[in-house]
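Just input_16.cif here, mmCIF, C-alpha atoms and all ligand atoms:
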data_protein
#
loop_
_atom_site.label_atom_id
_atom_site.label_comp_id
_atom_site.auth_asym_id
_atom_site.auth_seq_id
_atom_site.Cartn_x
_atom_site.Cartn_y
_atom_site.Cartn_z
CA MET A 30 -8.20 28.04 20.60
CA LEU A 31 -8.34 26.08 17.35
CA ASN A 32 -7.71 27.94 14.13
CA SER A 33 -10.10 27.44 11.25
CA SER A 34 -8.09 24.68 9.52
CA GLN A 35 -7.75 22.69 12.78
CA GLU A 36 -11.51 22.76 13.20
CA CYS A 37 -11.93 20.69 10.05
CA GLY A 38 -9.21 18.22 11.13
CA VAL A 39 -6.45 19.51 8.86
CA PHE A 40 -3.52 21.54 10.12
CA ASP A 41 -0.08 22.68 8.99
CA GLY A 42 3.23 22.57 10.77
CA SER A 43 6.98 22.47 10.18
CA PHE A 44 9.71 20.07 11.19
CA LEU A 45 13.27 21.13 11.89
CA GLU A 46 15.80 18.67 13.22
CA ASN A 47 17.67 19.36 16.46
CA THR A 48 21.29 18.37 16.81
CA ALA A 49 20.21 16.37 19.88
CA ASP A 50 17.78 14.21 17.86
CA ILE A 51 18.74 10.53 17.98
CA HIS A 52 18.92 10.20 14.20
CA VAL A 53 21.55 12.94 13.83
CA ASN A 54 24.25 10.82 15.49
CA LEU A 55 22.98 7.61 13.89
CA ARG A 56 23.14 9.27 10.45
CA ALA A 57 26.70 10.51 10.96
CA SER A 58 27.76 7.09 12.17
CA LEU A 59 26.11 5.33 9.21
CA LEU A 60 27.11 7.68 6.40
CA GLU A 61 30.19 9.62 7.47
CA ASN A 62 32.37 7.31 9.56
CA GLY A 63 33.85 5.07 6.89
CA ARG A 64 31.76 2.09 8.03
CA VAL A 65 31.77 -0.89 5.71
CA LEU A 66 28.20 -2.21 5.65
CA PRO A 67 27.26 -5.78 4.81
CA PRO A 68 26.46 -6.09 1.10
CA PRO A 69 22.76 -6.67 0.27
CA VAL A 70 23.60 -9.85 -1.65
CA THR A 71 26.67 -12.04 -1.32
CA ASP A 72 25.93 -14.47 -4.13
CA ALA A 73 25.20 -12.20 -7.10
CA PRO A 74 25.46 -14.37 -10.21
CA VAL A 75 28.26 -13.45 -12.58
CA ILE A 76 26.83 -13.09 -16.06
CA ARG A 77 28.44 -12.34 -19.38
CA ALA A 78 27.32 -8.93 -20.62
CA GLY A 79 27.06 -10.53 -24.06
CA SER A 80 24.39 -12.98 -22.86
CA PHE A 81 22.08 -10.20 -21.77
CA PRO A 82 19.10 -10.10 -21.41
CA ASP A 83 18.12 -13.75 -21.20
CA VAL A 84 19.93 -14.95 -18.09
CA ALA A 85 20.27 -11.65 -16.28
CA ALA A 86 16.64 -10.61 -16.68
CA ALA A 87 15.30 -13.80 -15.07
CA VAL A 88 17.62 -13.34 -12.06
CA LEU A 89 16.75 -9.66 -11.74
CA PHE A 90 13.00 -10.20 -11.87
CA GLU A 91 13.20 -13.03 -9.36
CA GLY A 92 14.98 -10.71 -6.89
CA LEU A 93 12.57 -7.85 -7.55
CA ASN A 94 9.57 -10.08 -7.02
CA SER A 95 10.83 -11.65 -3.82
CA ARG A 96 12.45 -8.70 -2.04
CA GLY A 97 12.38 -5.60 -4.17
CA LEU A 98 16.05 -5.86 -5.12
CA GLY A 99 17.73 -7.23 -8.24
CA VAL A 100 21.51 -7.74 -8.34
CA VAL A 101 23.75 -9.20 -11.03
CA GLN A 102 27.47 -8.91 -11.67
CA PHE A 103 28.17 -8.51 -15.36
CA ASP A 104 31.67 -9.36 -16.52
CA GLU A 105 31.72 -5.99 -18.26
CA ALA A 106 29.59 -2.83 -17.98
CA LEU A 107 26.68 -2.90 -20.43
CA SER A 108 26.78 -0.50 -23.36
CA ASN A 109 24.36 2.42 -23.16
CA GLU A 110 22.20 0.67 -25.74
CA ARG A 111 21.89 -2.51 -23.70
CA PHE A 112 21.47 -0.59 -20.46
CA VAL A 113 18.51 1.25 -22.00
CA GLU A 114 17.19 -2.06 -23.32
CA LEU A 115 17.29 -3.51 -19.81
CA GLY A 116 15.26 -0.52 -18.64
CA HIS A 117 12.63 -1.27 -21.30
CA LEU A 118 12.09 -4.69 -19.76
CA LEU A 119 11.11 -3.05 -16.50
CA GLY A 120 8.92 -0.24 -17.78
CA VAL A 121 9.29 3.24 -19.21
CA ALA A 122 12.50 5.16 -18.46
CA MET A 123 11.92 8.68 -17.17
CA PRO A 124 13.74 11.46 -19.03
CA GLU A 125 16.23 13.50 -17.00
CA THR A 126 14.84 16.96 -17.63
CA ASP A 127 16.32 18.90 -14.69
CA PRO A 128 18.47 21.64 -16.28
CA SER A 129 21.04 21.40 -13.47
CA VAL A 130 21.99 17.80 -14.38
CA GLN A 131 22.08 18.05 -18.19
CA ALA A 132 25.88 17.87 -18.34
CA PHE A 133 25.60 14.34 -16.89
CA VAL A 134 22.77 13.04 -19.11
CA GLU A 135 23.09 10.70 -22.10
CA ALA A 136 20.33 9.41 -24.38
CA ASP A 137 17.71 11.45 -22.47
CA THR A 138 17.33 8.91 -19.67
CA ILE A 139 20.82 7.86 -18.49
CA LEU A 140 22.25 9.88 -15.65
CA ASN A 141 26.01 9.58 -15.16
CA LEU A 142 26.66 9.75 -11.44
CA VAL A 143 30.33 10.71 -11.55
CA SER A 144 31.80 11.90 -8.26
CA ALA A 145 33.92 14.55 -9.90
CA HIS A 146 33.38 17.29 -7.32
CA SER A 147 34.71 17.44 -3.82
CA ARG A 148 32.29 17.97 -0.95
CA THR A 149 29.78 20.73 -1.60
CA THR A 150 26.83 22.37 0.14
CA ASP A 151 25.12 22.85 -3.25
CA VAL A 152 22.33 20.24 -3.06
CA ALA A 153 22.03 19.98 -6.87
CA LEU A 154 25.72 19.04 -7.15
CA GLN A 155 25.84 16.57 -4.25
CA PRO A 156 24.99 13.44 -6.30
CA PHE A 157 28.07 14.31 -8.41
CA ALA A 158 30.36 14.96 -5.46
CA THR A 159 31.98 12.92 -2.71
CA ASN A 160 29.21 13.92 -0.27
CA SER A 161 27.10 11.34 1.46
CA LEU A 162 23.42 11.34 0.42
CA SER A 163 20.85 11.17 3.21
CA LEU A 164 18.30 8.35 3.11
CA HIS A 165 15.34 8.90 0.80
CA SER A 166 12.78 7.37 -1.47
CA GLU A 167 13.16 8.75 -4.99
CA SER A 168 10.98 11.73 -5.99
CA SER A 169 9.18 11.53 -2.65
CA GLY A 170 7.07 14.64 -3.25
CA ARG A 171 5.61 13.57 -6.58
CA PRO A 172 2.29 11.77 -7.02
CA PRO A 173 2.90 7.99 -6.89
CA SER A 174 2.23 7.61 -10.63
CA GLU A 175 5.04 10.11 -11.31
CA GLN A 176 7.57 8.53 -8.97
CA PRO A 177 9.99 5.98 -10.37
CA ARG A 178 9.21 2.43 -9.37
CA TYR A 179 12.77 1.24 -10.04
CA ILE A 180 16.18 2.87 -9.72
CA VAL A 181 18.65 0.99 -11.92
CA LEU A 182 22.30 1.55 -11.04
CA MET A 183 25.25 0.10 -12.95
CA CYS A 184 28.88 0.56 -12.00
CA CYS A 185 31.35 1.66 -14.68
CA ASP A 186 34.09 2.51 -12.17
CA PRO A 187 34.05 2.06 -8.39
CA GLY A 188 36.71 4.75 -7.98
CA ASP A 189 39.77 4.19 -5.86
CA ASN A 190 37.97 2.34 -3.09
CA ALA A 191 34.89 0.13 -3.54
CA THR A 192 33.74 0.53 0.06
CA ALA A 193 33.84 4.32 0.06
CA ALA A 194 30.60 5.71 -1.37
CA GLN A 195 28.51 2.58 -0.82
CA THR A 196 24.89 2.88 -1.91
CA VAL A 197 22.99 2.29 1.33
CA LEU A 198 19.72 0.34 1.47
CA ILE A 199 17.23 -0.11 4.29
CA PRO A 200 13.97 -2.01 3.70
CA MET A 201 10.85 0.04 4.38
CA ALA A 202 9.30 -2.97 6.17
CA GLU A 203 12.19 -2.85 8.64
CA VAL A 204 11.73 0.90 9.18
CA ARG A 205 7.98 0.45 9.71
CA SER A 206 8.47 -2.43 12.15
CA ARG A 207 10.30 -0.12 14.56
CA LEU A 208 7.46 2.45 14.65
CA THR A 209 4.52 2.44 17.04
CA ALA A 210 0.98 2.12 15.66
CA GLU A 211 0.33 5.68 16.77
CA HIS A 212 3.33 7.12 14.93
CA SER A 213 2.44 5.12 11.82
CA ALA A 214 -1.12 6.44 11.91
CA ILE A 215 0.17 10.01 12.07
CA LEU A 216 2.61 9.44 9.18
CA SER A 217 -0.23 7.88 7.14
CA ALA A 218 -2.14 11.16 7.45
CA THR A 219 0.73 13.61 6.85
CA ARG A 220 2.16 14.82 3.55
CA TYR A 221 4.59 17.45 2.34
CA ARG A 222 2.66 20.74 2.37
CA ASN A 223 4.03 21.84 -1.02
CA SER A 224 3.10 18.56 -2.73
CA VAL A 225 -0.65 18.95 -2.92
CA ARG A 226 -0.88 15.89 -5.21
CA GLY A 227 1.81 13.99 -3.36
CA PRO A 228 1.08 10.88 -1.26
CA MET A 229 0.97 10.57 2.50
CA LEU A 230 4.41 9.86 3.98
CA LEU A 231 3.27 6.29 4.68
CA ARG A 232 0.72 4.36 2.66
CA THR A 233 -0.17 0.78 1.83
CA VAL A 234 0.51 -0.70 -1.62
CA ASP A 235 -0.48 -4.33 -2.25
CA GLY A 236 -0.57 -4.85 1.51
CA ARG A 237 2.97 -3.50 2.00
CA ASN A 238 3.96 -0.38 3.95
CA VAL A 239 5.43 2.15 1.52
CA PHE A 240 7.04 5.44 2.52
CA SER A 241 7.46 8.52 0.34
CA PHE A 242 9.95 10.47 2.34
CA ARG A 243 13.34 12.14 2.15
CA ASP A 244 15.54 13.13 5.08
CA PHE A 245 16.00 16.83 4.39
CA GLN A 246 18.68 17.03 7.10
CA SER A 247 18.93 20.60 8.41
CA ALA A 248 16.42 22.03 5.89
CA ARG A 249 12.89 22.76 7.12
CA LEU A 250 10.14 20.35 6.15
CA ASP A 251 6.70 21.97 5.90
CA TRP A 252 3.88 19.46 6.23
CA THR A 253 0.09 19.24 6.31
CA HIS A 254 -1.64 16.80 8.62
CA HIS A 255 -5.06 15.34 7.74
CA GLY A 256 -5.58 12.99 10.67
CA ASP A 257 -6.19 12.85 14.38
CA ALA A 258 -2.83 14.00 15.76
CA ALA A 259 -3.31 16.26 18.74
CA ASP A 260 -0.98 19.03 17.67
CA GLU A 261 2.15 20.05 15.76
CA ALA A 262 4.46 18.54 18.39
CA SER A 263 2.81 15.11 17.98
CA VAL A 264 3.42 15.11 14.22
CA ASN A 265 7.01 16.21 14.70
CA GLU A 266 7.52 13.46 17.25
CA ALA A 267 6.33 10.90 14.66
CA LEU A 268 8.77 12.38 12.11
CA ARG A 269 11.60 12.07 14.65
CA ALA A 270 10.65 8.45 15.29
CA LEU A 271 10.65 7.78 11.54
CA LEU A 272 14.11 9.31 11.09
CA ALA A 273 15.49 7.42 14.11
CA SER A 274 14.13 4.17 12.67
CA MET A 275 15.55 4.85 9.18
CA TYR A 276 19.07 5.25 10.56
CA GLN A 277 19.10 2.28 12.98
CA PRO A 278 21.96 0.10 11.77
CA ALA A 279 20.00 -3.20 11.96
CA GLY A 280 18.90 -4.30 8.50
CA THR A 281 21.06 -1.79 6.64
CA ALA A 282 23.15 -2.91 3.67
CA GLY A 283 25.77 -1.17 1.55
CA VAL A 284 26.59 -1.94 -2.08
CA HIS A 285 30.33 -2.56 -2.60
CA TRP A 286 30.61 -1.42 -6.18
CA THR A 287 32.68 -3.26 -8.77
CA ARG A 288 32.74 -2.62 -12.50
CA GLY A 289 29.76 -4.29 -14.17
CA LEU A 290 27.73 -4.69 -10.95
CA LEU A 291 24.09 -3.84 -11.62
CA VAL A 292 21.59 -3.17 -8.82
CA ILE A 293 17.88 -2.48 -9.26
CA ILE A 294 16.14 -0.91 -6.28
CA ASP A 295 12.35 -1.07 -6.02
CA ASN A 296 11.49 2.41 -4.75
CA THR A 297 8.49 0.98 -2.87
CA PHE A 298 10.60 -1.57 -0.94
CA SER A 299 13.67 0.30 0.30
CA PHE A 300 15.01 3.70 1.17
CA HIS A 301 18.40 4.40 -0.34
CA GLY A 302 21.26 6.81 0.26
CA ARG A 303 25.05 6.85 0.05
CA THR A 304 28.02 6.86 2.39
CA ALA A 305 30.59 9.61 1.95
CA GLY A 306 33.33 9.06 -0.62
CA LEU A 307 37.01 9.66 -0.13
CA PRO A 308 38.29 13.19 -0.64
CA SER A 309 38.65 13.61 -4.37
CA VAL A 310 42.38 13.22 -4.63
CA ALA A 311 41.18 10.07 -6.38
CA LYS A 312 43.01 9.07 -9.53
CA HIS A 313 39.78 8.06 -11.14
CA HIS A 314 36.30 8.91 -10.02
CA ARG A 315 33.43 6.68 -8.96
CA HIS A 316 31.05 6.37 -11.90
CA LEU A 317 27.60 4.79 -11.85
CA LYS A 318 24.99 5.00 -14.60
CA ARG A 319 21.39 5.38 -13.52
CA LEU A 320 17.97 4.88 -15.07
CA ARG A 321 14.70 5.73 -13.34
CA ILE A 322 11.86 3.50 -14.45
CA ARG A 323 8.23 4.36 -14.14
CA GLY A 324 7.44 0.71 -13.68
CA ALA A 325 4.64 -1.59 -14.44
CA PRO A 326 2.71 -1.59 -11.14
CA ASP A 327 3.66 -5.19 -10.49
CA PRO A 328 6.98 -6.86 -11.45
CA ALA A 329 4.97 -9.91 -12.58
CA SER A 330 3.70 -7.95 -15.55
CA ALA A 331 7.28 -6.96 -16.38
CA THR A 332 8.12 -10.66 -16.43
CA MET A 333 5.38 -11.13 -18.99
CA GLN A 334 7.06 -8.50 -21.11
CA LEU A 335 10.36 -10.34 -20.75
CA HIS A 336 8.90 -13.45 -22.30
CA GLU A 337 7.84 -11.40 -25.28
CA ALA A 338 11.25 -9.73 -25.64
CA PRO A 339 13.37 -10.88 -28.59
CA SER A 340 16.41 -12.93 -27.62
CA ARG A 341 19.74 -11.14 -27.74
CA ALA A 342 21.84 -14.10 -26.68
CA GLY A 343 25.19 -14.27 -28.39
CA THR A 344 24.89 -10.95 -30.18
O1 LIG B 401 25.22 7.50 -5.85
C1 LIG B 401 24.52 6.65 -5.26
O2 LIG B 401 25.02 5.68 -4.71
C2 LIG B 401 23.02 6.79 -5.19
C3 LIG B 401 22.51 8.03 -5.80
C4 LIG B 401 21.01 8.17 -5.71
O3 LIG B 401 20.44 8.36 -4.68
C5 LIG B 401 20.24 8.06 -6.92
O4 LIG B 401 20.82 7.98 -8.00
O5 LIG B 401 19.00 8.07 -6.85
FE FE B 402 18.27 8.53 -5.03
#
Full structure transcribed into structure tokens:
Amino acid sequence: MLNSSQECGVFDGSFLENTADIHVNLRASLLENGRVLPPPVTDAPVIRAGSFPDVAAAVLFEGLNSRGLGVVQFDEALSNERFVELGHLLGVAMPETDPSVQAFVEADTILNLVSAHSRTTDVALQPFATNSLSLHSESSGRPPSEQPRYIVLMCCDPGDNATAAQTVLIPMAEVRSRLTAEHSAILSATRYRNSVRGPMLLRTVDGRNVFSFRDFQSARLDWTHHGDAADEASVNEALRALLASMYQPAGTAGVHWTRGLLVIIDNTFSFHGRTAGLPSVAKHHRHLKRLRIRGAPDPASATMQLHEAPSRAGT
């Protein structure tokens, strides 16, 4: 018998991964086994930090426009001031207000991702530890207008080994291409139950398939389905297919961090995550600086802004 919410085509359910799910092994093999992934870009231009923003900004916007990824290698890490200025070219930087991360925040919007802790089960500490980070889109439960459009990462110190703790990228188009039409339809009509204003897990933006989704690993994911799926098991099967597709190795890249390398991820183009770091006997810790940018809806309008920006060349 249908319950009252099923009668009007909306029903709730919960997803819990099984250790036998395909993605569980794929995830361990991608994130935990010391694999060195191909870098997303092999020809990142080397640019003097002092010439910022003129040369770098054009390269970054070109990459963001064409494939949702901007990469430049600065000869030196940008100062906080210039890093913030680069963020302004993209949009409005989001303040880091979470009380649990305040010790790592500078100038309201810069998060220092320093892997100073060894492995921990405390989820709030994991970005600052040698843990891997499961694949996700940033702020996946928030309404689209409150999600960052760009994640800007700049390396101050790769730590003892540049290919431990790679930032992992997988294009959403690639993930979508491995799903059946039926699974995609279910994901397009399912959202996190607790995020009443949040988007469906899959939606279309400017004709592109965009996911808002985080792999919660062994934690339970409560969802609400608004579509035509037959039952709870059908929705969970679509979620399993999504996770299996996210962790397929084909199309995955890993950033090999070097000091001064700057990577901008369009949060509507790729999922990101991180491979595990080395145990923290490290002499010096991996250190990235991060900005989250609530972007102009279209990088083209950010380019407009660039042309209006005052030149800083040679200063
Ligand atoms: O540490 C990393 O490589 C990525 C961390 C991350 O997911 C983020 O800053 O949003
Ligand atoms: Fe992230």
- Query: Would you name the residues within 7 Å of ligand FE 402 (chain B), counting all atoms listed in the file, and put them as a ChimeraX atom specification?
  - Reply: /A:165-167,301-302
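The gap separating CA of Ser217 in chain A from CA of Glu125 in chain A is 29.8 Å, in Å to one decimal.
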Given 5 Å on each side, where is the centre and what are the edge lengths in Å to one decimal of the axis-aligned box enclosing the listed atoms of ligand LIG 401 (chain B), as lines of an AutoDock Vina configuration file?
center_x = 22.1
center_y = 7.0
center_z = -6.3
size_x = 16.2
size_y = 12.7
size_z = 13.3
- Distance query Arg77 in chain A at most 6 Å, only C-alpha atoms, self and fewer than 2 positions along chain excluded, as a PyMOL selection string: chain A and resi 79-80+103-104
- Message: For ligand LIG 401 (chain B), return the neighbouring residues as a VMD selection string (distance at most 10 Å; all atoms listed in the file).
- Response: chain A and resid 140 to 144 155 to 168 177 179 to 184 194 to 198 283 to 284 286 294 296 300 to 306 315 to 321
Put those residues in a file: C-alpha atoms, as an mmCIF file, in the frame of the given file.
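Saved the output as out_35.cif:
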data_model
loop_
_atom_site.group_PDB
_atom_site.id
_atom_site.type_symbol
_atom_site.label_atom_id
_atom_site.label_comp_id
_atom_site.auth_asym_id
_atom_site.auth_seq_id
_atom_site.Cartn_x
_atom_site.Cartn_y
_atom_site.Cartn_z
ATOM 1 C CA LEU A 140 22.250 9.880 -15.650
ATOM 2 C CA ASN A 141 26.010 9.580 -15.160
ATOM 3 C CA LEU A 142 26.660 9.750 -11.440
ATOM 4 C CA VAL A 143 30.330 10.710 -11.550
ATOM 5 C CA SER A 144 31.800 11.900 -8.260
ATOM 6 C CA GLN A 155 25.840 16.570 -4.250
ATOM 7 C CA PRO A 156 24.990 13.440 -6.300
ATOM 8 C CA PHE A 157 28.070 14.310 -8.410
ATOM 9 C CA ALA A 158 30.360 14.960 -5.460
ATOM 10 C CA THR A 159 31.980 12.920 -2.710
ATOM 11 C CA ASN A 160 29.210 13.920 -0.270
ATOM 12 C CA SER A 161 27.100 11.340 1.460
ATOM 13 C CA LEU A 162 23.420 11.340 0.420
ATOM 14 C CA SER A 163 20.850 11.170 3.210
ATOM 15 C CA LEU A 164 18.300 8.350 3.110
ATOM 16 C CA HIS A 165 15.340 8.900 0.800
ATOM 17 C CA SER A 166 12.780 7.370 -1.470
ATOM 18 C CA GLU A 167 13.160 8.750 -4.990
ATOM 19 C CA SER A 168 10.980 11.730 -5.990
ATOM 20 C CA PRO A 177 9.990 5.980 -10.370
ATOM 21 C CA TYR A 179 12.770 1.240 -10.040
ATOM 22 C CA ILE A 180 16.180 2.870 -9.720
ATOM 23 C CA VAL A 181 18.650 0.990 -11.920
ATOM 24 C CA LEU A 182 22.300 1.550 -11.040
ATOM 25 C CA MET A 183 25.250 0.100 -12.950
ATOM 26 C CA CYS A 184 28.880 0.560 -12.000
ATOM 27 C CA ALA A 194 30.600 5.710 -1.370
ATOM 28 C CA GLN A 195 28.510 2.580 -0.820
ATOM 29 C CA THR A 196 24.890 2.880 -1.910
ATOM 30 C CA VAL A 197 22.990 2.290 1.330
ATOM 31 C CA LEU A 198 19.720 0.340 1.470
ATOM 32 C CA GLY A 283 25.770 -1.170 1.550
ATOM 33 C CA VAL A 284 26.590 -1.940 -2.080
ATOM 34 C CA TRP A 286 30.610 -1.420 -6.180
ATOM 35 C CA ILE A 294 16.140 -0.910 -6.280
ATOM 36 C CA ASN A 296 11.490 2.410 -4.750
ATOM 37 C CA PHE A 300 15.010 3.700 1.170
ATOM 38 C CA HIS A 301 18.400 4.400 -0.340
ATOM 39 C CA GLY A 302 21.260 6.810 0.260
ATOM 40 C CA ARG A 303 25.050 6.850 0.050
ATOM 41 C CA THR A 304 28.020 6.860 2.390
ATOM 42 C CA ALA A 305 30.590 9.610 1.950
ATOM 43 C CA GLY A 306 33.330 9.060 -0.620
ATOM 44 C CA ARG A 315 33.430 6.680 -8.960
ATOM 45 C CA HIS A 316 31.050 6.370 -11.900
ATOM 46 C CA LEU A 317 27.600 4.790 -11.850
ATOM 47 C CA LYS A 318 24.990 5.000 -14.600
ATOM 48 C CA ARG A 319 21.390 5.380 -13.520
ATOM 49 C CA LEU A 320 17.970 4.880 -15.070
ATOM 50 C CA ARG A 321 14.700 5.730 -13.340
#
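Note that CA of Leu272 in chain A and CA of Asn62 in chain A are 18.4 Å apart.
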If we count only C-alpha atoms and set the cut-off at 12 Å, which residues sit around Tyr276 in chain A, ignoring sequence neighbours fewer than 6 positions away in its own chain? Please answer as a CSV table (one decimal) with C-alpha atoms, keeping the file's coordinate frame.
chain,number,residue,atom,x,y,z
A,50,ASP,CA,17.8,14.2,17.9
A,51,ILE,CA,18.7,10.5,18.0
A,52,HIS,CA,18.9,10.2,14.2
A,53,VAL,CA,21.6,12.9,13.8
A,54,ASN,CA,24.2,10.8,15.5
A,55,LEU,CA,23.0,7.6,13.9
A,56,ARG,CA,23.1,9.3,10.4
A,57,ALA,CA,26.7,10.5,11.0
A,58,SER,CA,27.8,7.1,12.2
A,59,LEU,CA,26.1,5.3,9.2
A,60,LEU,CA,27.1,7.7,6.4
A,163,SER,CA,20.8,11.2,3.2
A,164,LEU,CA,18.3,8.4,3.1
A,165,HIS,CA,15.3,8.9,0.8
A,197,VAL,CA,23.0,2.3,1.3
A,198,LEU,CA,19.7,0.3,1.5
A,199,ILE,CA,17.2,-0.1,4.3
A,200,PRO,CA,14.0,-2.0,3.7
A,201,MET,CA,10.8,0.0,4.4
A,203,GLU,CA,12.2,-2.8,8.6
A,204,VAL,CA,11.7,0.9,9.2
A,207,ARG,CA,10.3,-0.1,14.6
A,244,ASP,CA,15.5,13.1,5.1
A,269,ARG,CA,11.6,12.1,14.6
A,270,ALA,CA,10.6,8.4,15.3
A,282,ALA,CA,23.2,-2.9,3.7
A,300,PHE,CA,15.0,3.7,1.2
A,301,HIS,CA,18.4,4.4,-0.3
A,302,GLY,CA,21.3,6.8,0.3
- Item | Exercise: Val239 in chain A partners within 7 Å, all atoms listed in the file, chain neighbours under 4 positions left out, as a PyMOL selection string | chain A and resi 201+231-234+297-298
Within 6 Å of range 249-267 of chain A, which residues of range 171-222 of chain A show up? Give each one with its shortest atom-to-atom distance in Å (one decimal) and the two atoms involved, counting all atoms listed in the file, rows by chain then rising residue number, as a tab-separated table.
residue	atom	partner	partner_atom	distance
A:His212	CA	A:Ala267	CA	4.8
A:Ala218	CA	A:Gly256	CA	5.1
A:Thr219	CA	A:His254	CA	4.4
A:Arg220	CA	A:Thr253	CA	5.6
A:Tyr221	CA	A:Trp252	CA	4.4
A:Arg222	CA	A:Trp252	CA	4.2
- Item | Å distance separating CA of Leu98 in chain A from CA of Val70 in chain A, one decimal place |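 It comes out at 9.2 Å.
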